[in-house]
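*Asks:* File name my_file.txt; file contents compact mmCIF, C-alpha atoms; full text below.
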```txt
# COMPACT_ATOMS: atom_id res chain seq x y z
CA MET A 1 0.00 0.00 0.00
CA THR A 2 2.91 2.29 0.66
CA VAL A 3 6.36 3.24 -0.51
CA GLY A 4 8.80 5.81 0.75
CA LEU A 5 8.75 8.52 -1.90
CA ARG A 6 12.28 9.64 -0.93
CA GLU A 7 13.40 6.09 -1.70
CA VAL A 8 11.59 6.19 -5.03
CA ALA A 9 13.26 9.51 -5.89
CA ARG A 10 16.70 8.13 -4.94
CA LYS A 11 16.22 5.06 -7.13
CA ARG A 12 15.01 7.25 -9.99
CA ARG A 13 18.13 9.43 -9.72
CA ASP A 14 20.31 6.31 -9.73
CA TRP A 15 18.53 5.06 -12.85
CA GLU A 16 18.79 8.40 -14.66
CA GLU A 17 22.48 8.85 -13.77
CA GLN A 18 23.63 5.55 -15.26
CA SER A 19 24.97 5.50 -18.78
CA ARG A 20 22.34 4.99 -21.47
CA GLY A 21 23.85 1.73 -22.65
CA ALA A 22 23.55 0.22 -19.19
CA ASP A 23 19.73 0.10 -19.15
CA GLU A 24 19.36 -3.46 -20.40
CA ALA A 25 22.06 -4.80 -18.10
CA PHE A 26 20.53 -3.02 -15.12
CA LEU A 27 17.04 -4.33 -15.86
CA SER A 28 18.32 -7.87 -16.39
CA HIS A 29 19.84 -7.80 -12.90
CA HIS A 30 16.72 -6.35 -11.25
CA LEU A 31 13.92 -8.75 -12.04
CA VAL A 32 10.65 -7.79 -10.38
CA PRO A 33 9.22 -10.75 -8.46
CA ALA A 34 5.52 -11.28 -8.97
CA VAL A 35 2.79 -13.85 -8.45
CA MET A 36 0.38 -14.47 -11.29
CA GLY A 37 -3.09 -13.77 -9.94
CA PRO A 38 -6.67 -14.05 -11.12
CA LYS A 39 -7.32 -12.82 -14.68
CA GLN A 40 -3.63 -13.49 -15.41
CA ARG A 41 -2.60 -10.27 -13.64
CA PRO A 42 0.86 -10.19 -12.06
CA TRP A 43 0.98 -9.04 -8.43
CA LEU A 44 4.30 -7.49 -7.43
CA ILE A 45 5.67 -8.94 -4.21
CA ASP A 46 8.86 -6.85 -3.97
CA ASN A 47 10.79 -4.03 -5.68
CA HIS A 48 7.88 -1.60 -5.48
CA HIS A 49 10.22 1.38 -5.00
CA LEU A 50 12.29 0.49 -8.05
CA THR A 51 9.24 -0.26 -10.19
CA LEU A 52 7.64 3.09 -9.35
CA ALA A 53 10.95 4.90 -9.91
CA LEU A 54 11.33 3.31 -13.34
CA HIS A 55 7.73 4.17 -14.21
CA ASP A 56 8.22 7.78 -13.11
CA ALA A 57 11.37 7.95 -15.25
CA GLY A 58 9.40 6.85 -18.31
CA GLN A 59 10.61 3.25 -18.50
CA LYS A 60 7.83 1.32 -20.23
CA THR A 61 8.90 -2.26 -19.42
CA VAL A 62 10.60 -4.25 -16.68
CA LEU A 63 11.57 -7.88 -16.50
CA VAL A 64 9.31 -9.91 -14.22
CA HIS A 65 10.12 -13.16 -12.46
CA ILE A 66 6.93 -15.16 -11.81
CA VAL A 67 7.45 -16.74 -8.39
CA ALA A 68 4.16 -18.64 -8.44
CA ASP A 69 1.13 -19.01 -10.68
CA LEU A 70 -2.04 -18.73 -8.60
CA SER A 71 -4.20 -17.51 -11.47
CA HIS A 72 -6.51 -20.51 -11.15
CA LEU A 73 -7.66 -19.45 -7.65
CA PRO A 74 -10.77 -17.41 -6.97
CA HIS A 75 -9.90 -13.86 -5.87
CA ASP A 76 -10.69 -14.36 -2.15
CA MET A 77 -8.65 -17.60 -1.97
CA PHE A 78 -5.83 -15.94 -3.90
CA LEU A 79 -5.63 -13.15 -1.29
CA THR A 80 -5.68 -15.70 1.54
CA VAL A 81 -2.82 -17.68 0.01
CA MET A 82 -0.84 -14.51 -0.72
CA ASP A 83 -1.27 -13.36 2.88
CA ASN A 84 -0.31 -16.74 4.33
CA ARG A 85 2.86 -16.87 2.24
CA ASN A 86 3.87 -13.37 3.38
CA TRP A 87 3.46 -12.01 -0.13
CA LEU A 88 1.10 -9.25 1.00
CA HIS A 89 1.68 -6.43 3.44
CA PRO A 90 -1.59 -4.49 3.52
CA PHE A 91 -0.56 -1.79 6.00
CA ASP A 92 -1.24 1.89 5.46
CA ALA A 93 1.05 4.88 6.03
CA LYS A 94 0.24 4.79 9.74
CA GLY A 95 1.22 1.14 10.04
CA VAL A 96 -2.39 0.00 10.43
CA ARG A 97 -3.50 -3.20 8.72
CA GLN A 98 -6.13 -2.69 6.04
CA PRO A 99 -8.26 -5.19 4.10
CA ALA A 100 -6.24 -6.84 1.34
CA GLU A 101 -8.95 -5.76 -1.10
CA ASP A 102 -7.77 -2.16 -0.53
CA LEU A 103 -4.31 -2.82 -1.99
CA PRO A 104 -3.72 -0.57 -5.01
CA LYS A 105 -4.02 -2.24 -8.38
CA LYS A 106 -1.32 -0.02 -9.89
CA VAL A 107 2.12 0.89 -8.59
CA THR A 108 1.28 4.54 -9.29
CA LYS A 109 -1.43 4.38 -6.62
CA LEU A 110 0.96 3.51 -3.78
CA ILE A 111 0.99 6.22 -1.12
CA ASP A 112 3.91 7.81 0.66
CA ASP A 113 4.99 6.51 4.05
CA PRO A 114 7.91 8.76 5.10
CA TYR A 115 8.95 6.17 7.68
CA ARG A 116 9.69 3.72 4.85
CA SER A 117 12.15 6.28 3.50
CA LEU A 118 13.57 6.79 6.97
CA ALA A 119 14.05 3.04 7.39
CA GLY A 120 15.84 2.84 4.03
CA GLU A 121 18.16 5.72 4.90
CA LEU A 122 18.78 4.23 8.34
CA ARG A 123 19.92 0.96 6.75
CA ARG A 124 22.28 2.79 4.36
CA ALA A 125 23.66 4.75 7.34
CA GLY A 126 24.53 1.47 9.09
CA GLY A 127 21.62 1.48 11.54
CA TYR A 128 20.72 -2.11 10.70
CA ALA A 129 21.88 -4.83 8.35
CA LYS A 130 20.03 -5.96 5.25
CA ASP A 131 18.06 -9.06 6.17
CA ASP A 132 16.07 -11.76 4.35
CA THR A 133 13.16 -11.47 6.78
CA PRO A 134 10.06 -10.63 4.73
CA PHE A 135 9.07 -6.99 5.13
CA SER A 136 11.97 -6.22 7.47
CA GLU A 137 11.99 -2.59 6.31
CA PHE A 138 8.31 -2.34 7.29
CA LEU A 139 9.17 -3.57 10.77
CA TRP A 140 11.89 -0.94 11.05
CA ALA A 141 9.53 1.74 9.72
CA ASP A 142 6.95 0.80 12.37
CA TYR A 143 9.61 0.88 15.08
CA LEU A 144 10.76 4.33 13.93
CA ARG A 145 7.15 5.52 13.75
CA ARG A 146 6.97 4.97 17.53
CA HIS A 147 10.29 6.69 18.26
CA ILE A 148 10.61 9.64 15.83
CA LYS A 149 8.01 12.38 15.60
CA PRO A 150 6.38 12.92 12.19
CA ALA A 151 7.21 16.65 12.29
CA LEU A 152 10.93 15.84 12.53
CA VAL A 153 10.77 13.38 9.63
CA ALA A 154 8.93 15.94 7.49
CA GLY A 155 10.87 19.02 8.60
CA ASP A 156 14.46 17.86 9.12
CA PHE A 157 15.07 14.47 7.56
CA ASP A 158 18.81 14.50 8.36
CA ALA A 159 18.08 15.10 12.05
CA ALA A 160 15.48 12.33 11.92
CA VAL A 161 18.14 9.95 10.54
CA LYS A 162 20.50 10.86 13.40
CA GLN A 163 17.76 10.22 15.94
CA ALA A 164 16.86 6.99 14.15
CA LEU A 165 20.48 5.81 14.44
CA LYS A 166 20.32 6.29 18.21
CA ALA A 167 16.99 4.49 18.42
CA ALA A 168 18.27 1.63 16.25
CA ARG A 169 21.23 1.03 18.57
CA SER A 170 19.10 0.83 21.70
CA ALA A 171 18.32 -2.49 23.32
CA ASP A 172 14.67 -1.72 22.63
CA ALA A 173 15.33 -2.46 18.93
CA SER A 174 17.07 -5.79 19.51
CA TYR A 175 14.06 -7.83 18.36
CA LEU A 176 14.20 -6.32 14.86
CA PRO A 177 15.74 -8.14 11.88
CA GLY A 178 19.25 -6.93 11.09
CA TYR A 179 19.74 -5.33 14.51
CA ALA A 180 23.33 -4.15 14.36
CA ALA A 181 24.08 -2.70 17.79
CA PRO A 182 26.50 -4.46 20.12
CA HIS A 183 24.81 -7.07 22.23
CA GLY A 184 25.67 -6.51 25.83
```
Mind turning this structure into C-alpha cells?
*Replies:*
Amino acid sequence: MTVGLREVARKRRDWEEQSRGADEAFLSHHLVPAVMGPKQRPWLIDNHHLTLALHDAGQKTVLVHIVADLSHLPHDMFLTVMDNRNWLHPFDAKGVRQPAEDLPKKVTKLIDDPYRSLAGELRRAGGYAKDDTPFSEFLWADYLRRHIKPALVAGDFDAAVKQALKAARSADASYLPGYAAPHG
C-alpha cells in the first residue's frame, strides 16, 4: 500500500544517472518478483520502490520473475494464500492493517509513508543490516514511527536519521531483523 517517496526519488536518480547503454544490463539484474493472480494479472511482491521509480522515469517495461502461478484461484482464496505466504503487506502509512482488497491495483497508486524512506536511509547509514526477513523494512519503519516524531521526519530528515540511528542502537530495537548494535 505504501512506498517511501524519498526512496523512489533516490532510485530514480540512480537510474537516470547511469549510462544509457547500461539500461538493459541493469534491468536484467533487477527482475521484479511477482505472483500471477486471477485474470492473469501479475501481483508485485517486492521491488515496489524500483518499479515506481522506473515508471516515473518513463521506463515502459521491466523484467518480471513469476514466483508462483495462482491464477486458477478465486480472488478471495488468492488473497488468503498470498497473505499466508507473506506475499502481502496491507498496512497503510500509519502502520495500520487494512483489508487486502484495498491494496492498489497499480504501482502509481501507492501512497507515501515517510517512515519507509527513513528506514531505508537508516539501513544505508549502518543502523541495521540488510536481512532476508520478509518486510523487514516495514518492521523498522513501524519501530521508527513509535520513536521519531512525524514533524521531525517531514521538517528535518537528516536530524530524523541521526535520531533513528540512536533508536536503532538501543536495546529496545534488539528484536528487529538486522539489529546491528552491540549485544551486551
*Asks:* Skip stretch 26-39 of chain A itself and residues of its chain fewer than 2 positions away, then list as a list in words all residues within 8 Å of it, counting only C-alpha atoms.
*Replies:* Ala22, Asp23, Glu24, Arg41, Pro42, Trp43, Leu44, Ile45, Asp46, Asn47, Thr51, Val62, Leu63, Val64, His65, Ile66, Val67, Ala68, Asp69, Leu70, Ser71, His72, Leu73, Pro74, His75 and Phe78 of chain A
*Asks:* What does the distance between atom CA of A:Asp92 and atom CA of A:Ile111 come to in Å, to one decimal place?
*Replies:* 8.2 Å
*Asks:* Find the distance between atom CA of A:Ala151 and atom CA of A:Lys11 and write it in Å to one decimal.
*Replies:*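 So the answer is 24.3 Å.
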*Asks:* Quick one: residues within 12 Å of A:Ala159, all atoms listed in the file counted, chain neighbours fewer than 3 positions away excluded, as a PyMOL selection string?
*Replies:* chain A and resi 118+121-122+148-156+162-166
*Asks:* Neighbourhood query: residues within 12 Å of (-4.0, -5.6, 4.7), file coordinates, counting all atoms listed in the file; return as JSON, numbers by chain.
*Replies:* {"A": [1, 2, 79, 80, 82, 83, 84, 86, 87, 88, 89, 90, 91, 92, 93, 95, 96, 97, 98, 99, 100, 101, 102, 103, 104]}
*Asks:* Kindly give the distance, in Å, that separates atom CA of A:Ala125 and atom CA of A:Arg20, rounded to a single decimal.
*Replies:*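 Going from atom CA of A:Ala125 over to atom CA of A:Arg20, I get 28.8 Å.
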*Asks:* Which one is closest to A:Tyr179: A:Lys130, A:Arg145, A:Arg116, A:Lys106? Count only C-alpha atoms.
*Replies:*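 Closest candidate: A:Lys130.
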*Asks:* Considering only C-alpha atoms, can you say which of A:Gln40, A:Ser117, A:Gln59, A:Thr108 comes closest to A:Arg10?
*Replies:*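 Among the listed residues, the smallest separation from A:Arg10 belongs to A:Ser117.
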